[in-house]
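Participant: I am sharing entry-v6.cif, which consists of mmCIF, C-alpha atoms (C1' of nucleotides):
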```cif
data_input
#
loop_
_atom_site.label_atom_id
_atom_site.label_comp_id
_atom_site.auth_asym_id
_atom_site.auth_seq_id
_atom_site.Cartn_x
_atom_site.Cartn_y
_atom_site.Cartn_z
CA MET Y 1 32.16 5.82 -0.77
CA ALA Y 2 31.66 3.54 -3.74
CA LYS Y 3 34.64 4.08 -5.96
CA VAL Y 4 34.12 0.97 -8.01
CA GLY Y 5 31.25 0.10 -10.28
CA ARG Y 6 28.76 2.06 -12.26
CA PRO Y 7 28.20 5.48 -10.75
CA ARG Y 8 24.80 6.40 -9.40
CA ALA Y 9 22.44 8.02 -11.82
CA SER Y 10 20.23 9.50 -9.14
CA SER Y 11 19.80 9.97 -5.40
CA GLN Y 12 17.11 10.28 -2.78
CA ASP Y 13 17.44 14.02 -3.02
CA VAL Y 14 16.98 14.14 -6.78
CA LEU Y 15 13.97 11.84 -6.64
CA GLU Y 16 12.49 13.80 -3.76
CA GLU Y 17 12.90 17.00 -5.73
CA ALA Y 18 11.18 15.54 -8.79
CA ALA Y 19 8.42 14.07 -6.68
CA SER Y 20 7.89 17.34 -4.85
CA GLU Y 21 7.27 19.17 -8.08
CA LEU Y 22 4.75 16.60 -9.21
CA PHE Y 23 3.01 16.44 -5.85
CA LEU Y 24 2.60 20.20 -5.93
CA GLU Y 25 1.36 20.10 -9.52
CA LYS Y 26 -1.02 17.16 -9.38
CA GLY Y 27 -1.15 15.99 -5.81
CA TYR Y 28 0.20 12.84 -4.28
CA LEU Y 29 -2.49 10.42 -5.43
CA ALA Y 30 -2.45 11.52 -9.06
CA THR Y 31 1.31 11.14 -9.26
CA SER Y 32 2.56 7.70 -10.20
CA ILE Y 33 5.98 6.29 -9.60
CA ASP Y 34 6.43 6.29 -13.35
CA ASP Y 35 5.86 10.03 -13.33
CA ILE Y 36 8.45 10.58 -10.64
CA ALA Y 37 11.06 8.40 -12.30
CA GLN Y 38 10.49 10.04 -15.66
CA ARG Y 39 10.78 13.52 -14.18
CA ALA Y 40 13.99 12.50 -12.49
CA GLY Y 41 15.33 11.09 -15.76
CA VAL Y 42 15.60 7.57 -14.51
CA SER Y 43 13.76 4.30 -14.91
CA ARG Y 44 10.90 3.14 -12.74
CA ALA Y 45 13.00 0.30 -11.38
CA THR Y 46 15.59 2.77 -10.18
CA PHE Y 47 13.05 4.53 -8.00
CA PHE Y 48 12.81 1.39 -5.94
CA ASN Y 49 16.56 1.38 -5.48
CA TYR Y 50 16.16 4.52 -3.42
CA PHE Y 51 12.74 4.21 -1.79
CA PRO Y 52 10.92 1.03 -0.84
CA GLN Y 53 7.49 2.66 -1.13
CA LYS Y 54 5.97 5.62 -2.85
CA VAL Y 55 4.94 7.20 0.42
CA ASP Y 56 8.53 7.12 1.66
CA VAL Y 57 9.56 9.79 -0.79
CA LEU Y 58 7.03 12.08 0.84
CA LEU Y 59 8.26 11.36 4.34
CA VAL Y 60 11.96 11.24 3.65
CA SER Y 61 12.69 14.24 5.84
CA VAL Y 62 10.73 12.72 8.71
CA ASP Y 63 12.57 9.45 8.31
CA ARG Y 64 15.92 11.15 8.27
CA ALA Y 65 15.11 12.94 11.48
CA LEU Y 66 14.01 9.68 13.05
CA ASP Y 67 17.14 7.94 11.83
CA ALA Y 68 19.30 10.61 13.36
CA PHE Y 69 17.32 10.50 16.58
CA GLY Y 70 17.55 6.74 16.85
CA GLN Y 71 21.25 6.87 16.14
CA ALA Y 72 21.85 9.47 18.81
CA ILE Y 73 19.91 7.40 21.31
CA ASP Y 74 21.84 4.28 20.41
CA GLN Y 75 25.07 6.14 20.96
CA GLY Y 76 24.06 6.85 24.52
CA GLU Y 77 22.92 10.44 24.25
CA GLY Y 78 20.36 11.67 26.73
CA LEU Y 79 16.89 12.43 25.47
CA GLY Y 80 17.28 16.16 25.72
CA GLN Y 81 20.64 16.04 23.96
CA ALA Y 82 19.32 13.79 21.22
CA ILE Y 83 16.33 16.01 20.61
CA GLU Y 84 18.53 19.04 20.36
CA MET Y 85 20.96 17.35 17.99
CA VAL Y 86 18.22 16.25 15.64
CA THR Y 87 16.22 19.43 15.61
CA ARG Y 88 19.33 21.33 14.68
CA GLY Y 89 19.40 19.40 11.41
CA VAL Y 90 15.79 20.07 10.48
CA THR Y 91 15.23 22.85 8.00
CA ARG Y 92 12.12 24.74 7.07
CA SER Y 93 12.51 23.77 3.46
CA ASP Y 94 11.09 20.34 4.23
CA ILE Y 95 7.83 21.70 5.53
CA PRO Y 96 5.97 23.01 2.45
CA LEU Y 97 5.84 19.63 0.77
CA LEU Y 98 4.22 17.94 3.72
CA VAL Y 99 1.82 20.80 4.28
CA SER Y 100 0.83 20.83 0.62
CA GLN Y 101 -0.37 17.27 0.95
CA ALA Y 102 -2.57 17.94 3.95
CA ASP Y 103 -5.61 17.38 1.74
CA THR Y 104 -4.24 14.02 0.70
CA MET Y 105 -3.84 13.00 4.32
CA GLY Y 106 -7.52 13.51 4.84
CA ALA Y 107 -8.52 11.80 1.61
CA SER Y 108 -6.21 8.82 1.61
CA SER Y 109 -5.50 6.63 4.58
CA GLU Y 110 -2.21 5.64 2.97
CA VAL Y 111 -0.49 8.88 3.81
CA SER Y 112 -2.05 9.53 7.19
CA ASP Y 113 -1.39 5.94 8.27
CA ALA Y 114 2.22 6.22 7.15
CA LEU Y 115 2.62 9.39 9.15
CA ALA Y 116 1.04 7.75 12.18
CA GLY Y 117 3.44 4.88 11.65
CA ARG Y 118 6.27 7.34 12.12
CA MET Y 119 4.77 8.29 15.46
CA LEU Y 120 4.86 4.62 16.37
CA ARG Y 121 8.48 4.43 15.35
CA LEU Y 122 9.24 7.44 17.52
CA THR Y 123 7.69 5.71 20.53
CA GLN Y 124 9.86 2.69 19.82
CA ILE Y 125 12.98 4.80 19.88
CA LEU Y 126 11.83 6.48 23.06
CA ALA Y 127 11.32 3.05 24.58
CA LYS Y 128 15.08 2.78 24.96
CA ARG Y 129 14.99 5.54 27.54
CA ILE Y 130 11.41 5.61 28.77
CA PRO Y 131 10.13 2.34 30.17
CA ASN Y 132 6.46 3.16 30.38
CA GLN Y 133 4.49 2.95 27.16
CA THR Y 134 2.00 5.60 28.12
CA TRP Y 135 4.77 8.09 28.60
CA GLN Y 136 6.34 7.06 25.33
CA TRP Y 137 3.21 8.16 23.51
CA ALA Y 138 2.85 11.24 25.64
CA ILE Y 139 6.34 12.42 24.82
CA ALA Y 140 6.04 11.45 21.17
CA GLY Y 141 2.86 13.52 21.09
CA ALA Y 142 4.66 16.46 22.62
CA ILE Y 143 7.44 16.23 20.06
CA ALA Y 144 4.91 16.05 17.25
CA GLU Y 145 2.92 18.97 18.60
CA GLY Y 146 6.03 21.08 18.98
CA ALA Y 147 7.10 20.27 15.44
CA ILE Y 148 3.68 21.06 14.01
CA ARG Y 149 3.39 24.31 15.91
CA TRP Y 150 6.83 25.27 14.72
CA ALA Y 151 5.96 24.38 11.11
CA ARG Y 152 2.72 26.33 11.22
CA GLY Y 153 4.28 29.29 12.97
CA GLY Y 154 6.46 30.34 10.10
CA ALA Y 155 9.73 32.10 10.38
CA GLU Y 156 8.65 34.42 13.18
CA SER Y 157 8.02 31.60 15.64
CA SER Y 158 10.67 30.44 18.03
CA SER Y 159 13.02 27.61 17.26
CA LEU Y 160 11.91 24.02 16.88
CA VAL Y 161 13.65 22.80 19.99
CA VAL Y 162 12.01 25.52 22.05
CA GLU Y 163 8.57 24.61 20.77
CA ILE Y 164 9.15 20.99 21.65
CA ARG Y 165 10.42 21.89 25.08
CA GLU Y 166 7.30 23.94 25.71
CA ALA Y 167 5.06 21.08 24.67
CA LEU Y 168 6.99 18.74 26.92
CA ALA Y 169 6.74 21.11 29.85
CA LEU Y 170 2.98 20.84 29.64
CA LEU Y 171 3.18 17.19 30.52
CA ARG Y 172 4.88 17.96 33.76
CA HIS Y 173 1.96 19.79 35.17
CA PRO Y 174 -1.21 17.97 34.25
CA ASN Y 175 -4.20 20.22 33.88
CA GLU Y 176 -7.01 18.92 36.01
CA ALA Y 177 -9.46 19.94 33.31
CA ASP Y 178 -7.85 17.49 30.92
CA PHE Y 179 -8.76 14.68 33.23
CA GLN Y 180 -12.24 15.83 34.02
CA GLY Y 181 -14.54 12.86 33.82
CA ILE Y 182 -11.83 10.39 32.93
CA LEU Y 183 -10.75 9.31 36.35
CA PRO Y 184 -13.07 8.58 39.24
CA MET V 1 -33.32 -2.67 7.66
CA ALA V 2 -33.21 -3.56 3.98
CA LYS V 3 -36.50 -5.29 3.29
CA VAL V 4 -36.38 -4.75 -0.43
CA GLY V 5 -33.89 -6.06 -2.91
CA ARG V 6 -31.57 -9.00 -3.05
CA PRO V 7 -30.65 -10.24 0.39
CA ARG V 8 -27.07 -10.06 1.52
CA ALA V 9 -24.95 -13.08 0.77
CA SER V 10 -22.33 -12.26 3.35
CA SER V 11 -21.43 -9.89 6.17
CA GLN V 12 -18.42 -8.33 7.83
CA ASP V 13 -18.56 -11.07 10.43
CA VAL V 14 -18.55 -13.90 7.90
CA LEU V 15 -15.68 -12.36 5.97
CA GLU V 16 -13.76 -11.69 9.14
CA GLU V 17 -14.20 -15.30 10.19
CA ALA V 18 -12.99 -16.58 6.83
CA ALA V 19 -10.07 -14.19 6.86
CA SER V 20 -9.14 -15.15 10.41
CA GLU V 21 -8.81 -18.78 9.46
CA LEU V 22 -6.60 -17.96 6.51
CA PHE V 23 -4.47 -15.49 8.47
CA LEU V 24 -3.87 -18.15 11.08
CA GLU V 25 -3.06 -20.75 8.43
CA LYS V 26 -0.87 -18.74 6.07
CA GLY V 27 -0.37 -15.35 7.64
CA TYR V 28 -1.70 -12.00 6.57
CA LEU V 29 0.69 -11.32 3.72
CA ALA V 30 0.28 -14.69 2.04
CA THR V 31 -3.48 -14.41 2.10
CA SER V 32 -5.03 -12.67 -0.90
CA ILE V 33 -8.44 -11.09 -1.08
CA ASP V 34 -9.35 -13.78 -3.57
CA ASP V 35 -8.56 -16.37 -0.91
CA ILE V 36 -10.77 -14.68 1.63
CA ALA V 37 -13.68 -14.24 -0.75
CA GLN V 38 -13.43 -17.83 -1.90
CA ARG V 39 -13.33 -19.15 1.66
CA ALA V 40 -16.38 -17.06 2.46
CA GLY V 41 -18.16 -18.38 -0.61
CA VAL V 42 -18.48 -15.05 -2.28
CA SER V 43 -16.87 -13.19 -5.17
CA ARG V 44 -13.87 -10.95 -4.88
CA ALA V 45 -15.95 -7.89 -5.75
CA THR V 46 -18.24 -8.60 -2.85
CA PHE V 47 -15.36 -8.35 -0.39
CA PHE V 48 -15.04 -4.71 -1.29
CA ASN V 49 -18.72 -4.20 -0.52
CA TYR V 50 -17.89 -4.89 3.10
CA PHE V 51 -14.32 -3.67 3.55
CA PRO V 52 -12.58 -0.88 1.68
CA GLN V 53 -9.13 -2.37 2.23
CA LYS V 54 -7.64 -5.73 3.01
CA VAL V 55 -6.17 -4.49 6.28
CA ASP V 56 -9.57 -3.35 7.48
CA VAL V 57 -10.73 -6.93 7.88
CA LEU V 58 -7.89 -7.43 10.33
CA LEU V 59 -8.74 -4.34 12.34
CA VAL V 60 -12.51 -4.57 12.23
CA SER V 61 -12.79 -5.00 15.99
CA VAL V 62 -10.60 -1.98 16.58
CA ASP V 63 -12.64 0.07 14.16
CA ARG V 64 -15.89 -0.95 15.79
CA ALA V 65 -14.60 0.12 19.17
CA LEU V 66 -13.49 3.43 17.72
CA ASP V 67 -16.84 3.90 15.99
CA ALA V 68 -18.65 3.30 19.25
CA PHE V 69 -16.31 5.61 21.10
CA GLY V 70 -16.71 8.40 18.58
CA GLN V 71 -20.46 7.99 18.64
CA ALA V 72 -20.59 8.17 22.40
CA ILE V 73 -18.48 11.31 22.37
CA ASP V 74 -20.67 12.89 19.71
CA GLN V 75 -23.71 12.18 21.84
CA GLY V 76 -22.25 14.24 24.62
CA GLU V 77 -20.95 11.53 26.90
CA GLY V 78 -18.07 12.35 29.18
CA LEU V 79 -14.72 10.75 28.46
CA GLY V 80 -14.90 8.38 31.40
CA GLN V 81 -18.43 7.35 30.52
CA ALA V 82 -17.58 6.84 26.87
CA ILE V 83 -14.56 4.70 27.70
CA GLU V 84 -16.61 2.57 30.01
CA MET V 85 -19.38 2.13 27.46
CA VAL V 86 -17.02 1.04 24.72
CA THR V 87 -14.86 -1.28 26.78
CA ARG V 88 -17.94 -3.10 27.91
CA GLY V 89 -18.52 -4.14 24.29
CA VAL V 90 -15.02 -5.46 23.72
CA THR V 91 -14.58 -9.20 23.98
CA ARG V 92 -11.50 -11.33 24.34
CA SER V 93 -12.39 -13.27 21.25
CA ASP V 94 -11.06 -10.43 19.09
CA ILE V 95 -7.60 -10.59 20.57
CA PRO V 96 -6.06 -13.82 19.21
CA LEU V 97 -6.33 -12.72 15.61
CA LEU V 98 -4.45 -9.50 16.18
CA VAL V 99 -1.85 -11.18 18.36
CA SER V 100 -1.32 -13.91 15.77
CA GLN V 101 -0.29 -11.26 13.27
CA ALA V 102 2.30 -9.67 15.52
CA ASP V 103 5.01 -11.04 13.26
CA THR V 104 3.36 -9.43 10.28
CA MET V 105 3.33 -6.09 12.05
CA GLY V 106 7.07 -6.25 12.32
CA ALA V 107 7.58 -7.46 8.77
CA SER V 108 5.13 -5.29 6.89
CA SER V 109 4.65 -1.60 7.40
CA GLU V 110 1.16 -1.92 5.98
CA VAL V 111 -0.28 -3.47 9.11
CA SER V 112 1.70 -1.53 11.70
CA ASP V 113 0.99 1.74 9.90
CA ALA V 114 -2.70 0.93 9.78
CA LEU V 115 -2.68 0.22 13.49
CA ALA V 116 -0.85 3.45 14.16
CA GLY V 117 -3.44 5.17 12.00
CA ARG V 118 -6.05 3.98 14.47
CA MET V 119 -4.11 5.68 17.22
CA LEU V 120 -4.29 8.86 15.18
CA ARG V 121 -8.02 8.44 14.79
CA LEU V 122 -8.33 8.00 18.53
CA THR V 123 -6.56 11.27 19.13
CA GLN V 124 -8.95 12.94 16.70
CA ILE V 125 -11.91 11.70 18.66
CA LEU V 126 -10.30 12.79 21.90
CA ALA V 127 -9.81 16.23 20.37
CA LYS V 128 -13.50 16.87 20.90
CA ARG V 129 -12.95 16.86 24.64
CA ILE V 130 -9.27 17.52 25.08
CA PRO V 131 -8.00 20.71 23.50
CA ASN V 132 -4.28 20.11 23.81
CA GLN V 133 -2.72 17.83 21.23
CA THR V 134 0.01 16.59 23.51
CA TRP V 135 -2.56 15.36 25.99
CA GLN V 136 -4.56 13.76 23.21
CA TRP V 137 -1.62 11.54 22.38
CA ALA V 138 -0.83 10.94 26.02
CA ILE V 139 -4.34 9.72 26.75
CA ALA V 140 -4.53 7.72 23.53
CA GLY V 141 -1.29 6.08 24.58
CA ALA V 142 -2.70 5.27 27.99
CA ILE V 143 -5.79 3.70 26.42
CA ALA V 144 -3.64 1.66 24.07
CA GLU V 145 -1.36 0.54 26.86
CA GLY V 146 -4.27 -0.48 29.03
CA ALA V 147 -5.81 -2.43 26.18
CA ILE V 148 -2.56 -4.19 25.37
CA ARG V 149 -1.86 -5.04 28.96
CA TRP V 150 -5.38 -6.43 29.28
CA ALA V 151 -5.00 -8.45 26.09
CA ARG V 152 -1.67 -9.88 27.20
CA GLY V 153 -2.82 -10.56 30.71
CA GLY V 154 -5.26 -13.25 29.75
CA ALA V 155 -8.38 -14.11 31.63
CA GLU V 156 -6.89 -13.70 35.08
CA SER V 157 -6.11 -10.03 34.65
CA SER V 158 -8.51 -7.36 35.74
CA SER V 159 -11.08 -5.84 33.44
CA LEU V 160 -10.21 -3.70 30.45
CA VAL V 161 -11.61 -0.52 31.88
CA VAL V 162 -9.61 -0.98 35.06
CA GLU V 163 -6.40 -1.47 33.10
CA ILE V 164 -7.06 1.69 31.15
CA ARG V 165 -7.83 3.62 34.29
CA GLU V 166 -4.57 2.51 35.82
CA ALA V 167 -2.62 3.59 32.76
CA LEU V 168 -4.39 6.93 32.83
CA ALA V 169 -3.66 7.42 36.50
CA LEU V 170 0.02 7.27 35.71
CA LEU V 171 -0.24 10.43 33.68
CA ARG V 172 -1.50 12.33 36.65
CA HIS V 173 1.66 11.95 38.58
CA PRO V 174 4.60 12.38 36.25
CA ASN V 175 7.63 10.43 37.27
CA GLU V 176 10.61 12.71 37.44
CA ALA V 177 12.77 9.94 36.06
CA ASP V 178 10.76 9.97 32.84
CA PHE V 179 11.78 13.53 32.27
CA GLN V 180 15.37 13.11 33.24
CA GLY V 181 17.48 14.88 30.70
CA ILE V 182 14.59 16.08 28.61
CA LEU V 183 13.88 19.36 30.25
CA PRO V 184 16.51 21.80 31.37
"C1'" DT S 1 -46.84 -10.80 -13.91
"C1'" DG S 2 -44.10 -6.99 -14.14
"C1'" DG S 3 -41.44 -3.61 -12.29
"C1'" DA S 4 -38.41 -1.54 -8.53
"C1'" DA S 5 -34.87 -1.99 -5.33
"C1'" DA S 6 -30.66 -3.81 -3.56
"C1'" DA S 7 -27.00 -6.72 -3.75
"C1'" DA S 8 -23.76 -9.87 -6.18
"C1'" DT S 9 -20.93 -10.50 -9.89
"C1'" DA S 10 -18.01 -10.42 -14.11
"C1'" DG S 11 -14.43 -8.32 -16.05
"C1'" DA S 12 -11.48 -4.80 -17.49
"C1'" DC S 13 -8.32 -1.49 -15.91
"C1'" DT S 14 -4.56 1.26 -13.30
"C1'" DG S 15 -0.84 1.23 -10.50
"C1'" DA S 16 2.14 -0.48 -6.55
"C1'" DG S 17 5.59 -3.50 -5.40
"C1'" DT S 18 8.57 -7.84 -6.36
"C1'" DC S 19 11.73 -10.39 -8.87
"C1'" DT S 20 15.11 -11.98 -12.36
"C1'" DA S 21 18.19 -11.53 -15.75
"C1'" DA S 22 20.73 -8.74 -18.61
"C1'" DA S 23 23.07 -4.49 -19.98
"C1'" DA S 24 25.87 -0.40 -18.99
"C1'" DA S 25 29.48 2.16 -16.74
"C1'" DT S 26 33.30 2.49 -13.92
"C1'" DA S 27 38.09 1.25 -11.67
"C1'" DC S 28 41.83 -1.34 -11.94
"C1'" DA S 29 45.24 -5.07 -12.97
"C1'" DG S 30 48.13 -6.85 -16.25
"C1'" DC C 1 44.99 -1.25 -24.45
"C1'" DT C 2 42.30 -5.18 -22.94
"C1'" DG C 3 39.93 -7.93 -19.86
"C1'" DT C 4 37.72 -8.53 -15.44
"C1'" DA C 5 35.45 -7.53 -11.15
"C1'" DT C 6 32.07 -4.49 -9.21
"C1'" DT C 7 28.12 -1.72 -8.87
"C1'" DT C 8 24.13 0.31 -10.69
"C1'" DT C 9 20.69 0.76 -14.03
"C1'" DT C 10 17.30 -1.14 -16.68
"C1'" DA C 11 13.81 -4.00 -19.15
"C1'" DG C 12 10.20 -6.74 -18.55
"C1'" DA C 13 7.27 -10.03 -16.62
"C1'" DC C 14 4.52 -11.00 -12.76
"C1'" DT C 15 1.18 -10.80 -8.58
"C1'" DC C 16 -2.05 -8.48 -6.26
"C1'" DA C 17 -4.70 -4.39 -4.33
"C1'" DG C 18 -8.10 -1.37 -5.33
"C1'" DT C 19 -11.40 1.12 -8.73
"C1'" DC C 20 -14.98 1.25 -11.91
"C1'" DT C 21 -18.81 0.03 -15.06
"C1'" DA C 22 -22.14 -2.68 -16.63
"C1'" DT C 23 -24.84 -6.74 -16.05
"C1'" DT C 24 -27.22 -10.25 -13.62
"C1'" DT C 25 -29.53 -12.21 -9.71
"C1'" DT C 26 -32.77 -12.18 -6.03
"C1'" DT C 27 -36.30 -10.43 -3.44
"C1'" DC C 28 -40.54 -7.64 -2.38
"C1'" DC C 29 -44.65 -5.69 -3.78
"C1'" DA C 30 -48.21 -3.52 -6.61
#
```
Would you mind writing the file out in structure tokens?
Facilitator:
Amino acid sequence: MAKVGRPRASSQDVLEEAASELFLEKGYLATSIDDIAQRAGVSRATFFNYFPQKVDVLLVSVDRALDAFGQAIDQGEGLGQAIEMVTRGVTRSDIPLLVSQADTMGASSEVSDALAGRMLRLTQILAKRIPNQTWQWAIAGAIAEGAIRWARGGAESSSLVVEIREALALLRHPNEADFQGILP
Amino acid sequence: MAKVGRPRASSQDVLEEAASELFLEKGYLATSIDDIAQRAGVSRATFFNYFPQKVDVLLVSVDRALDAFGQAIDQGEGLGQAIEMVTRGVTRSDIPLLVSQADTMGASSEVSDALAGRMLRLTQILAKRIPNQTWQWAIAGAIAEGAIRWARGGAESSSLVVEIREALALLRHPNEADFQGILP
DNA sequence: TGGAAAAATAGACTGAGTCTAAAAATACAG
DNA sequence: CTGTATTTTTAGACTCAGTCTATTTTTCCA
């Protein structure tokens, strides 16, 4: 793409790889941006050329999926089509890093809030097809649940898109027990 | 409660009031913790005796509602009861501050992520009554939508609990159009 | 009057994130 | 081969959030 100028000395992938190692070794909180840059053989300032925040290097796979999803939606794809397109690009190799920082999510609001912020972003993408906000969250929740179940399930579980479809199907037939005591 | 020892020189309410003024004057991002402490007539260190993070002073009303909700749930209240109890304690005076920082939410991920984190916390409370994760998000979304609609509606709109109930009722009767193209 | 308890405070420290200016590395034109 | 435009890297200074420790202040009470 960029044929002119100084060539890049790093990339999101390289930095993510370096960060992953450190997160697995020391955990997210104990790893500084200096550590990551040093491991990647690049200066601290360069890190910020590739990620605006520290937490973004942890969620890069989530963000990429959301980018792809938003792009598909903007190009006029239907929801089902867009979901299928995006899930096809998600690989299991992204999972261990996120799972390894599950402790951190409980201990630091920074990570759990950032992850929740991605849910919010998902609802905002869904808003382009689903007018009602309540249903935006409902469907975002179903997508998240499907993804989590798929991640936890390991290789033997069914495919990601199937898990999401199953979670979505649940919304179609509300269980009366779920509403017990909520509505008059 | 604390009859012994040095009396408190401030409170969450005093700090929130001071912070509110500054947020309205300069905006959230341009206001430092030093500013808030100074306006409240207290040292910077004291701020952290009352709030663990800067963003928490902005969301104190949300957190109080969630605290009350979680407490009601832990005491065995039904979901409908708990919602009614909490919404009774929410006043319109908390709204303007949050609304005034709507710009900030778009400009800084810190605030929007923190708000999304509160949605996550709501789903975790709901988990004690609602087993399925998808429905946790769906109902959290309905509560959020009801609250937002109530906040936007101004004084002439119906009560908060009624708005939430209406949003919840929507979930009971899925609109086929919402699922168009999602499910096979 | 002299603790004991609780809170406020000073101040140093780490690290995230911003910003500016300069240096380094490349392609290319002449 | 040399100079120039372009892009990226980098150094370094800076602000501010958040943590931590030790000290001081204020009150109650024996």
Participant: Please write the residues picked by the PyMOL selection byres ((chain V and resi 100) around 12) on this file as a list in words.
Facilitator: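 When the PyMOL selection byres ((chain V and resi 100) around 12) is applied, the selected residues are Ser20, Glu21, Leu22, Phe23, Leu24, Glu25, Lys26, Gly27, Tyr28, Leu58, Asp94, Ile95, Pro96, Leu97, Leu98, Val99, Gln101, Ala102, Asp103, Thr104, Met105 and Gly106 of chain V.
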Participant: Suppose we keep C-alpha atoms; can you now write the selection as a compact mmCIF listing (two decimals), in the frame of the given file?
Facilitator:
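Final output, out-v6.txt:
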```txt
# COMPACT_ATOMS: atom_id res chain seq x y z
CA SER V 20 -9.14 -15.15 10.41
CA GLU V 21 -8.81 -18.78 9.46
CA LEU V 22 -6.60 -17.96 6.51
CA PHE V 23 -4.47 -15.49 8.47
CA LEU V 24 -3.87 -18.15 11.08
CA GLU V 25 -3.06 -20.75 8.43
CA LYS V 26 -0.87 -18.74 6.07
CA GLY V 27 -0.37 -15.35 7.64
CA TYR V 28 -1.70 -12.00 6.57
CA LEU V 58 -7.89 -7.43 10.33
CA ASP V 94 -11.06 -10.43 19.09
CA ILE V 95 -7.60 -10.59 20.57
CA PRO V 96 -6.06 -13.82 19.21
CA LEU V 97 -6.33 -12.72 15.61
CA LEU V 98 -4.45 -9.50 16.18
CA VAL V 99 -1.85 -11.18 18.36
CA GLN V 101 -0.29 -11.26 13.27
CA ALA V 102 2.30 -9.67 15.52
CA ASP V 103 5.01 -11.04 13.26
CA THR V 104 3.36 -9.43 10.28
CA MET V 105 3.33 -6.09 12.05
CA GLY V 106 7.07 -6.25 12.32
```
Participant: Do you have the atom CA of V:Trp150-atom CA of V:Gln81 distance handy?
Facilitator: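 Result for atom CA of V:Trp150 versus atom CA of V:Gln81: 19.0 Å, one decimal.
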Participant: Select all residues from chain S having any atom no more than 8 Å from an atom of chain V (counting only C-alpha atoms (C1' of nucleotides), ignoring ligands), output as a list in words.
Facilitator: DA5, DA6, DA7, DA8 and DT9 of chain S
Participant: Might you spell out which residues the PyMOL selection byres ((chain S and resi 2) around 12) would select in the displayed file, as a list in words?
Facilitator: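 Against this file, the PyMOL selection byres ((chain S and resi 2) around 12) returns the residues DT1, DG3 and DA4 of chain S; DC29 and DA30 of chain C.
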Participant: What is the atom CA of V:Ala140 to atom CA of Y:Gly89 distance in Å?
Facilitator: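 Here the two named atoms are 29.3 Å from each other.
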Participant: Using all atoms listed in the file, which residue out of V:Glu84, V:Val111, V:Ala116, V:Gln53 lies closest to chain C?
Facilitator: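 Among V:Glu84, V:Val111, V:Ala116, V:Gln53, it is V:Gln53 that comes nearest to chain C.
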Participant: Once you count only C-alpha atoms, what closest atom pair and distance in Å to one decimal does each residue of chain Y within 7 Å of chain V have, with rows by chain and rising residue number, as a Markdown table?
Facilitator:
```
| residue | atom | partner | partner_atom | distance |
| --- | --- | --- | --- | --- |
| Y:Gly78 | CA | V:Gly181 | CA | 5.9 |
| Y:Leu79 | CA | V:Ile182 | CA | 5.3 |
| Y:Gly80 | CA | V:Ile182 | CA | 3.9 |
| Y:Ser112 | CA | V:Gly117 | CA | 6.6 |
| Y:Asp113 | CA | V:Gly117 | CA | 4.3 |
| Y:Ala114 | CA | V:Asp113 | CA | 5.4 |
| Y:Ala116 | CA | V:Ala116 | CA | 5.1 |
| Y:Gly117 | CA | V:Asp113 | CA | 4.4 |
| Y:Leu120 | CA | V:Ala116 | CA | 6.2 |
| Y:Ile130 | CA | V:Asp178 | CA | 6.0 |
| Y:Gln133 | CA | V:Glu145 | CA | 6.3 |
| Y:Thr134 | CA | V:Ala142 | CA | 4.7 |
| Y:Trp135 | CA | V:Ala138 | CA | 6.8 |
| Y:Trp137 | CA | V:Gly141 | CA | 5.1 |
| Y:Ala138 | CA | V:Ala138 | CA | 3.7 |
| Y:Gly141 | CA | V:Thr134 | CA | 4.8 |
| Y:Ala142 | CA | V:Thr134 | CA | 4.7 |
| Y:Glu145 | CA | V:Thr134 | CA | 6.2 |
| Y:Arg165 | CA | V:Leu183 | CA | 6.7 |
| Y:Ala167 | CA | V:Thr134 | CA | 6.9 |
| Y:Arg172 | CA | V:Pro174 | CA | 6.1 |
| Y:Pro174 | CA | V:Arg172 | CA | 6.1 |
| Y:Asp178 | CA | V:Ile130 | CA | 6.0 |
| Y:Gly181 | CA | V:Gly80 | CA | 5.1 |
| Y:Ile182 | CA | V:Gly80 | CA | 4.0 |
| Y:Leu183 | CA | V:Gly80 | CA | 6.5 |
```
Participant: Could you give me, as a tab-separated table, every chain C residue with an atom at most 12 Å from chain V, plus its closest atom pair and distance in Å to one decimal, counting all atoms listed in the file, rows ordered by chain then number?
Facilitator:
```
residue	atom	partner	partner_atom	distance
C:DT15	C1'	V:Ser32	CA	10.1
C:DC16	C1'	V:Ser32	CA	7.4
C:DA17	C1'	V:Lys54	CA	8.0
C:DG18	C1'	V:Gln53	CA	7.7
C:DT19	C1'	V:Phe48	CA	10.1
C:DC20	C1'	V:Ala45	CA	11.1
C:DT24	C1'	V:Arg6	CA	11.5
C:DT25	C1'	V:Arg6	CA	7.7
C:DT26	C1'	V:Arg6	CA	4.5
C:DT27	C1'	V:Arg6	CA	5.0
C:DC28	C1'	V:Val4	CA	5.4
C:DC29	C1'	V:Val4	CA	9.0
```
Participant: For the PyMOL selection byres ((chain S and resi 11) around 10), applied here, can you spell out every residue it catches as an mmCIF file with C-alpha atoms (C1' of nucleotides), in the coordinates of the input?
Facilitator:
```
data_model
loop_
_atom_site.group_PDB
_atom_site.id
_atom_site.type_symbol
_atom_site.label_atom_id
_atom_site.label_comp_id
_atom_site.auth_asym_id
_atom_site.auth_seq_id
_atom_site.Cartn_x
_atom_site.Cartn_y
_atom_site.Cartn_z
ATOM 1 C "C1'" DT S 9 -20.930 -10.500 -9.890
ATOM 2 C "C1'" DA S 10 -18.010 -10.420 -14.110
ATOM 3 C "C1'" DA S 12 -11.480 -4.800 -17.490
ATOM 4 C "C1'" DC S 13 -8.320 -1.490 -15.910
ATOM 5 C "C1'" DT C 21 -18.810 0.030 -15.060
ATOM 6 C "C1'" DA C 22 -22.140 -2.680 -16.630
#
```
